[in-house]
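What follows is one structure encoded as structure tokens, with my remarks underneath.
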Amino acid sequence: MASRGFQSTFTPLPMGVSDFMDTPQQVPMEEEPKEKEPSTFDRVVELLNEAQLANKDDKLHCLHQVQELIVHKEPNLLDNFFDEMVVHFQDRIPDVRKVVLGFLEEACLKDSELVSKVVPFLLQGIKDAAPLVKKRTITASTRVLPIALLLSCQPKSTGQEVSDMWDAMDDIKSLIIEEINGKNDGVRTLVIKFMEMLVVIFSKKSQETNVTKDDYPVSLDMVHSDHKFLRLTDLCEDCGMCLESLLGLTTLADISSTNLMAVVTSLSSIARQRPMFMSTVVQAFEALHASLPPFSKSQVSSIRKNMKSQLLAILRHPASMEYQTQITTLLADLGATPTEIAKNRPQTTAEKRRNDGESSSAAKKQKTKEDKESPEYAAFLNRFAVTGQAIDDFHKDIVKHLTPVKCAELVFVSMRDLPDNMPANFRETFTPIAAAGTEQQIDHLARLMAVQITAAGFGPAAERIGLEAQKAKANRREKREKSERRPAGEAEDTKADLNGGSLMPGLPSELLAGVGLSNANMADIMLLAPELIKLGVDPELAAKILPRVKPGTEVSTVGQTSAFGAMPLGPARLPGSASQAADPFGKSVAVPDRASGGDMPSQKESKARKARHIKPFKLLDVPVGITPAEAAHQMTETFDRLTAFGDEGSCGDASMDRTKIIVGLAVHFPDTCRQMLLDQVIKDVRGNFELILAWLFEEYAVSEGYFDRNAAISGHGKRYDECLTMLLTSFRRELGSEDRSFSKVLLEAPCVTQGALEIVRSYCEEEEYMDLGLGTLSELVSRRPAATEAYLYTLLDMTTNNLHKLRDTSIEVAKKLFRIQHLEADIVKFACKTLAQLQDEHPSAEIVGETEVAGAVWSEETVSSCLQLFLALLPLRHALLHDLAHVYAEVSPMIKKIVHKRVEKPIREIGIDSEELLKVIEQCPLGAESLIARLLHTLTLDARPSPALVEKASSLHKRRVADIRVLIPILVGLEKSEILEHLPQLIRQQPAVMREVINRLMGCQSGKVSTVMKGPLSPSDLLTALHTMEESDDVMKNVMKAISYCFEKEAIFTQETAALVLQQLVEWEPLPTLFMRTVIQSLTIYPRMITFSMGILERLVKKQAWKQPKVWQGFIKCCSMTKPQSLAVLLQLPRQQLDSAFQMSSDLQDSLMEFVKSLSPKQRNGISKQTLKFIESVGKAKEEALAKAAEPAPSATADSASSSGPVKNKRKSLS
């Protein structure tokens, strides 16, 4: 194409333009010459270049201009720029793709030869996700499909390209029709118009068809009954399916008003263009008028107005004369005036009626002739004619019984179902009956009743229609079977199927079966050549296969019996033979040559020969001087020539004949030919795949006794198994693990034997071929239903294999197969059976993988092999939790521990909202309580327990499980009062359990704090509850550990939390025992709380903390830690408690005396005099003691006696 690179080229000027420009009279000298306008070609190139880089709007403008130029202005450029336009169909902008679809539609209308190029883009467009593109595709297909049908009907358009184009168009048609079930009203409206088009073009025109300029250019009249790829039966089926779908849309309750009006319009158009459907359409309108869907008032009004206009259009059609009573009654109900009805009636005069009668007679004759010529179309029309006739008969029957008494009874019966108030929809759509009680109205009412009763599936009309539909369906099925069944006839006229279904069509069973006789020799094979030629086999092929039959040699077997059976043999001659042939007895028999115009022996001659009672020929009576070694050698040479004939016989009948003869020799002469055939096919498995299948099918046919002569051959069933296993073993030796020929052979073989299944198992157990083996097993299960159970159990057996990779991979395959509904029960049954083995004392041989299992014991490996498949199915079927709980209750503690470890992953996949999980908790078997606790623990690690789960677990604890640990997973779901009630028991647990309780209550999971997982207790509530817990020695130790663990969570138990708790606890009476311990611990963690702690100490002084010894000890220790800030608090103590403080902490005494000395006189005024006097006395006593200690003593004893007495007495007096 000249425009491939979008390069501008020189375009010569049109004739006469150059002369015009050279004429001086035409161009004034003072004006500059005008620039030459670019040609259309250059303009198109320029626009396409601009479209490449333009934005959306500019690109659309450019493409529209290009379409106008190359489609309408210069269509000869259409072929040049077609590819450049359609490349924009890959644009991501839906509007651009829509413009390209419009171009493709216009291009097809302009040049029908482009349809084959346009079809792939339509197929892509109908699959587009954008509704805009999909709708434009349907519109284009509505106009392109008739062109495609017209192109296919042309006599010269029967090539493979046109056939492929029609197949693709058929796929587009199916995809568009599927959109009728979509939710987009706009798309459904266009699909309705598309189906209208299909009904019109897939049916024949009649004499009464209105021909207008808008009619489709093609109809079923143009399709010949013997067309190469267009089948009348299929086209009629599509027409009937579309028409029935349109009729069915009128009965849908959820159809939109827009779609319903489109259906009404399409049915009216069909009735006018194809009058043979007018009766069906009128009946549909009657049913629709009687039962409109519940639309709004305006929608009902629009639909009724549309029905009225369409019925008037049908009334104007000449073919409506037969249905005028029904149509006029409907129009009257829809509000049409008598004037309107009369105005739209077809004008008929006596002459016109006479002409119509003559035309009708001619049409009937023509129709009868056409029906005789195309029974498919007649059967198709009969489907709708039967429906109309059945309703008409039912209507007449109702009219007979529709008396006033019956009407009154019907009214009384129906009144029981009437609502109390009149529905708004009825009030809006009701039209008073103008001609009530007249015969016309009674007839109309009876027809409405007949139509509605039949549509509901009741009454004799519905039964008759159903029977006719079944009969038509049976007839179609019988015709289809006859067309698919190969015709059977005499051997010289048709090619009989070997074995009634073998892979060697074209050779009679008697001919090939006889080769396998025990006394057969090379002479048997020599007689094959003339028989093959007689049956239509290429003579050159027969000459190459059997070269010993030289050209010019004839074998006359007229009236004789072949060694291959009782089949009478006719004369046959190889190419180049003469008119004389020598029979095995040396006599010369004349054989006429068909090519030379000679006559064949007549039937009288054959009867005369039979009358002479000629002795039948027997091959065994003819001595053949050939040894077994020579026969084997000749067989080998023959087989070599057959296999070497690959290139010349690779197509057509020659290839089929070659394949049939090769496999026949391999099957019936296995000792000589089987290994040769195996060596041949293994060289190129893919290229010889058809030959492999033919071989397998032939072996299987013989083994099953399909050949009567060979049915008694012993050992043939074993030979088929040997053949298949030999092939599969060779594949493993010669082919790699990526070659899929292994799977293809097993999938298409006639039968998969146990030996072949063992080879598949060996593939699975070898790591290199594991994926290939398991993939093959999976395909066998899903694609060979006859032996699904055997293949499935072979696969499931590997889910308990000791090889970890094989076990894991086979379980994944089993999970995929579990999604196939009919396989679920078998997989579950096997998984439950394997799980139940855990209840046995010792593992079975299948689990251990050894023959001796007497001393085998359960180990983690064997337990896991029994559990793995079952646990893998748990997320897919939650009800299996019940089986797990029952088995768990009966197994040993060691197995229970392994179950705890393995069950976590599947339980996480099941989730916390499973209904079956709640049932298992509620119906927990005795002994499975620990499993329930484990399940709850796993489920609530990352998710908050649901109220239903909390309820079931709490109920289980109250009913049966005394262990408080079962409540730990659901703590955050309990009420605050319930948590405080159970908290002492939870704190008594092991430190690890206690820490988990605190973490769950505070919403701390996996080291992270989550507000979603947080319980009803706040950190301050938890600390307060811990301090106020019942005091006992076993509890206090755990409480101290719990409080310490709380303070380790500084992100949760902050300084503010500690201050709030201490502020609350200081008001308790009596003070909690661990109060001062918590104060000191808070000061240690949060040193900035010292000022707050001084307030706590002052509050303790007022509460007389010395009355509680443990609290008092903590008070003194806290004061020692916080001096000098705490010295001011000590000065508030009474004299006796201050003395006690000095005794408990001597360092406080010195610090307090130094603190008092540092105070100003004004500050001392705030201290009680007794306290000051006591501190001063303590100070003086200390000074005197120090002075005494510094003086030398005359004797140690006297010194001691004189000094200790006064001091002691003084101390006593102070106290």
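Chain labels run A, B, ... following the order of the structure tokens; each chain numbers its residues from 1, and ligands are numbered from 1 in the order shown.
Non-sequential neighbours of Ser1044 of chain A (distance at most 9 Å, separation of 5 or more positions within a chain, only C-alpha atoms) are Val1039, Thr1078 and Gln1081 of chain A.
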Do you know which residues are at most 7 Å from Leu1133 of chain A counting only C-alpha atoms, after dropping those on the same chain fewer than 4 positions away, and could you put them as an mmCIF file with C-alpha atoms, in the first residue's frame?
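Result went into around-v2.cif, see below:
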```cif
data_model
loop_
_atom_site.group_PDB
_atom_site.id
_atom_site.type_symbol
_atom_site.label_atom_id
_atom_site.label_comp_id
_atom_site.auth_asym_id
_atom_site.auth_seq_id
_atom_site.Cartn_x
_atom_site.Cartn_y
_atom_site.Cartn_z
ATOM 1 C CA VAL A 1101 -0.448 10.881 107.352
ATOM 2 C CA GLN A 1137 5.224 8.015 114.982
ATOM 3 C CA LEU A 1138 8.232 10.234 114.291
#
```
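For the residues A:Ala107, A:Leu884, A:Ala450, A:Cys751, ranking by smallest atom-to-atom distance to Glu68 of chain A using only C-alpha atoms places A:Ala107 first.
Distances to Leu252 of chain A were evaluated for A:Ser914, A:Asn181, A:Asn344, A:Lys205 using only C-alpha atoms, and the minimum falls at A:Asn181.
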I'd like the contact shell of segment 980-988 of chain A - 12 Å cut-off, only C-alpha atoms, skipping same-chain residues fewer than 2 positions apart - returned as a ChimeraX atom specification. /A:954,957,962-968,971-972,974-978,990-998,1001,1015-1018,1021-1043,1045
Could the residues in this selection be saved with N, CA and C atoms as a compact mmCIF listing (two decimals), in the first residue's frame?
```
# COMPACT_ATOMS: atom_id res chain seq x y z
N SER A 954 -18.98 -19.17 76.53
CA SER A 954 -19.39 -18.99 77.93
C SER A 954 -20.34 -20.10 78.36
N HIS A 957 -18.41 -23.22 79.06
CA HIS A 957 -17.70 -23.14 80.34
C HIS A 957 -18.64 -23.39 81.52
N ALA A 962 -14.68 -26.80 83.46
CA ALA A 962 -14.38 -26.06 84.67
C ALA A 962 -13.11 -25.23 84.53
N ASP A 963 -12.28 -25.57 83.59
CA ASP A 963 -11.01 -24.87 83.40
C ASP A 963 -11.29 -23.45 82.95
N ILE A 964 -10.82 -22.48 83.73
CA ILE A 964 -11.09 -21.08 83.43
C ILE A 964 -10.36 -20.61 82.18
N ARG A 965 -9.35 -21.37 81.78
CA ARG A 965 -8.55 -20.94 80.62
C ARG A 965 -9.35 -20.93 79.33
N VAL A 966 -10.47 -21.63 79.29
CA VAL A 966 -11.28 -21.63 78.07
C VAL A 966 -11.88 -20.26 77.81
N LEU A 967 -11.96 -19.41 78.85
CA LEU A 967 -12.53 -18.07 78.70
C LEU A 967 -11.51 -17.04 78.26
N ILE A 968 -10.23 -17.37 78.29
CA ILE A 968 -9.21 -16.37 77.96
C ILE A 968 -9.39 -15.82 76.55
N LEU A 971 -12.20 -13.10 76.51
CA LEU A 971 -12.27 -12.15 77.62
C LEU A 971 -12.76 -10.79 77.16
N VAL A 972 -12.24 -10.33 76.02
CA VAL A 972 -12.60 -8.98 75.58
C VAL A 972 -14.07 -8.89 75.18
N LEU A 974 -16.50 -10.35 77.04
CA LEU A 974 -17.31 -10.47 78.25
C LEU A 974 -17.65 -9.10 78.82
N GLU A 975 -18.65 -9.09 79.69
CA GLU A 975 -18.99 -7.86 80.39
C GLU A 975 -17.94 -7.57 81.46
N LYS A 976 -17.87 -6.32 81.86
CA LYS A 976 -16.88 -5.89 82.85
C LYS A 976 -17.06 -6.64 84.16
N SER A 977 -18.27 -6.82 84.56
CA SER A 977 -18.52 -7.51 85.83
C SER A 977 -18.09 -8.97 85.75
N GLU A 978 -18.30 -9.60 84.57
CA GLU A 978 -17.88 -10.99 84.42
C GLU A 978 -16.36 -11.13 84.47
N GLN A 990 -0.51 -19.94 85.66
CA GLN A 990 0.93 -19.82 85.44
C GLN A 990 1.27 -18.42 84.94
N PRO A 991 2.52 -17.98 85.17
CA PRO A 991 2.90 -16.63 84.72
C PRO A 991 2.62 -16.38 83.25
N ALA A 992 2.87 -17.38 82.39
CA ALA A 992 2.63 -17.18 80.96
C ALA A 992 1.14 -16.95 80.69
N VAL A 993 0.29 -17.71 81.36
CA VAL A 993 -1.15 -17.53 81.18
C VAL A 993 -1.58 -16.18 81.72
N MET A 994 -1.01 -15.80 82.88
CA MET A 994 -1.35 -14.50 83.46
C MET A 994 -0.97 -13.36 82.51
N ARG A 995 0.18 -13.46 81.90
CA ARG A 995 0.59 -12.41 80.97
C ARG A 995 -0.34 -12.36 79.75
N GLU A 996 -0.78 -13.52 79.26
CA GLU A 996 -1.71 -13.53 78.12
C GLU A 996 -3.04 -12.89 78.50
N VAL A 997 -3.49 -13.12 79.72
CA VAL A 997 -4.74 -12.51 80.17
C VAL A 997 -4.63 -11.00 80.14
N ILE A 998 -3.52 -10.47 80.67
CA ILE A 998 -3.35 -9.01 80.69
C ILE A 998 -3.26 -8.46 79.27
N LEU A 1001 -6.73 -8.44 77.69
CA LEU A 1001 -7.59 -7.41 78.28
C LEU A 1001 -7.22 -6.02 77.82
N GLY A 1015 -10.56 -4.74 75.56
CA GLY A 1015 -11.73 -5.19 76.28
C GLY A 1015 -12.42 -4.06 77.03
N PRO A 1016 -13.42 -4.42 77.82
CA PRO A 1016 -14.17 -3.38 78.55
C PRO A 1016 -13.41 -2.79 79.72
N LEU A 1017 -12.32 -3.44 80.18
CA LEU A 1017 -11.52 -2.91 81.29
C LEU A 1017 -10.48 -1.94 80.78
N SER A 1018 -10.40 -0.76 81.43
CA SER A 1018 -9.33 0.17 81.12
C SER A 1018 -8.09 -0.20 81.93
N ASP A 1021 -8.69 0.46 85.51
CA ASP A 1021 -9.61 -0.51 86.11
C ASP A 1021 -8.89 -1.80 86.46
N LEU A 1022 -8.00 -2.25 85.57
CA LEU A 1022 -7.28 -3.49 85.82
C LEU A 1022 -6.35 -3.36 87.03
N LEU A 1023 -5.60 -2.26 87.11
CA LEU A 1023 -4.70 -2.07 88.26
C LEU A 1023 -5.49 -1.95 89.56
N THR A 1024 -6.57 -1.26 89.52
CA THR A 1024 -7.41 -1.12 90.72
C THR A 1024 -7.95 -2.48 91.15
N ALA A 1025 -8.39 -3.29 90.15
CA ALA A 1025 -8.91 -4.62 90.47
C ALA A 1025 -7.82 -5.50 91.06
N LEU A 1026 -6.62 -5.40 90.55
CA LEU A 1026 -5.51 -6.21 91.08
C LEU A 1026 -5.20 -5.83 92.53
N HIS A 1027 -5.24 -4.55 92.88
CA HIS A 1027 -4.93 -4.10 94.25
C HIS A 1027 -6.01 -4.47 95.24
N THR A 1028 -7.24 -4.52 94.74
CA THR A 1028 -8.37 -4.75 95.66
C THR A 1028 -8.80 -6.21 95.68
N MET A 1029 -7.99 -7.08 95.12
CA MET A 1029 -8.32 -8.49 95.09
C MET A 1029 -8.20 -9.09 96.49
N GLU A 1030 -8.90 -10.18 96.66
CA GLU A 1030 -8.87 -10.86 97.96
C GLU A 1030 -7.44 -11.25 98.32
N GLU A 1031 -7.04 -10.94 99.56
CA GLU A 1031 -5.65 -11.12 99.97
C GLU A 1031 -5.45 -12.51 100.56
N SER A 1032 -4.51 -13.24 99.95
CA SER A 1032 -4.08 -14.53 100.45
C SER A 1032 -2.67 -14.75 99.93
N ASP A 1033 -1.95 -15.64 100.60
CA ASP A 1033 -0.54 -15.80 100.25
C ASP A 1033 -0.34 -16.27 98.81
N ASP A 1034 -1.19 -17.22 98.35
CA ASP A 1034 -0.99 -17.72 96.99
C ASP A 1034 -1.40 -16.72 95.94
N VAL A 1035 -2.34 -15.81 96.29
CA VAL A 1035 -2.79 -14.82 95.32
C VAL A 1035 -1.84 -13.63 95.27
N MET A 1036 -1.34 -13.18 96.45
CA MET A 1036 -0.55 -11.95 96.50
C MET A 1036 0.72 -12.03 95.66
N LYS A 1037 1.33 -13.21 95.65
CA LYS A 1037 2.55 -13.35 94.84
C LYS A 1037 2.24 -13.14 93.36
N ASN A 1038 1.14 -13.77 92.90
CA ASN A 1038 0.77 -13.61 91.49
C ASN A 1038 0.31 -12.19 91.19
N VAL A 1039 -0.35 -11.55 92.18
CA VAL A 1039 -0.79 -10.17 91.97
C VAL A 1039 0.41 -9.26 91.82
N MET A 1040 1.43 -9.46 92.68
CA MET A 1040 2.64 -8.62 92.56
C MET A 1040 3.29 -8.81 91.19
N LYS A 1041 3.32 -10.07 90.70
CA LYS A 1041 3.89 -10.31 89.37
C LYS A 1041 3.04 -9.65 88.29
N ALA A 1042 1.73 -9.69 88.47
CA ALA A 1042 0.84 -9.09 87.48
C ALA A 1042 1.02 -7.58 87.44
N ILE A 1043 1.13 -6.94 88.64
CA ILE A 1043 1.31 -5.49 88.67
C ILE A 1043 2.65 -5.11 88.05
N TYR A 1045 4.21 -6.76 85.73
CA TYR A 1045 4.11 -6.94 84.29
C TYR A 1045 3.33 -5.79 83.66
```
If you count only C-alpha atoms, which residues fall within 8 Å of segment 868-877 of chain A, apart from same-chain ones fewer than 5 positions away, as a list in words?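 Non-adjacent residues within range: Thr799, Thr800, Ile811, Lys815, Val828, Ala831, Cys832, Leu835, Arg902, Val903, Pro906, Ile907, Glu909 and Ile910 of chain A.
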If you keep C-alpha atoms, can you produce a file of those selected residues as a tab-separated table (two decimals), in the first residue's frame?
```tsv
chain	number	residue	atom	x	y	z
A	799	THR	CA	-1.87	-37.49	49.94
A	800	THR	CA	-0.57	-39.82	52.68
A	811	ILE	CA	-3.11	-32.27	48.29
A	815	LYS	CA	-8.21	-29.22	46.66
A	828	VAL	CA	-14.38	-36.08	51.91
A	831	ALA	CA	-10.14	-37.71	54.14
A	832	CYS	CA	-12.44	-38.81	56.98
A	835	LEU	CA	-8.40	-39.19	59.85
A	902	ARG	CA	-1.39	-28.38	62.73
A	903	VAL	CA	-4.89	-26.99	63.12
A	906	PRO	CA	-6.86	-24.00	58.52
A	907	ILE	CA	-8.73	-22.49	61.47
A	909	GLU	CA	-8.74	-19.55	57.02
A	910	ILE	CA	-12.14	-20.64	58.32
```
Need the shell around Leu1131 of chain A: protein/DNA/RNA residues with any atom at most 12 Å away, counting only C-alpha atoms. Skip same-chain ones fewer than 5 positions apart. Format as a VMD selection string? chain A and resid 1097 to 1098 1101 1119 1124 to 1126 1136 to 1139 1141 to 1142 1148 to 1149 1151 to 1153 1155 to 1156 1163 to 1164 1166 to 1175
Å distance separating atom CA of Gly159 of chain A from atom CA of Leu691 of chain A, one decimal place: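 These two atoms are separated by 29.3 Å.
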Write out as a list in words which residues come within 8 Å of Leu331 of chain A when counting only C-alpha atoms, dropping same-chain ones fewer than 4 positions away.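 Neighbouring residues, sequence-local ones excluded: Lys308, Leu311, Leu312, Ile327, Gly335, Ala336 and Ile341 of chain A.
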Backbone-only DSSP, alpha helix (DSSP H) members of segment 54-172 of chain A, as a ChimeraX atom specification: /A:56-67,78-86,94-110,115-126,131-153,160-172
Mind giving me the straight-line distance from atom CA of Val1129 of chain A to atom CA of Gly1095 of chain A in Å, one decimal? 8.9 Å
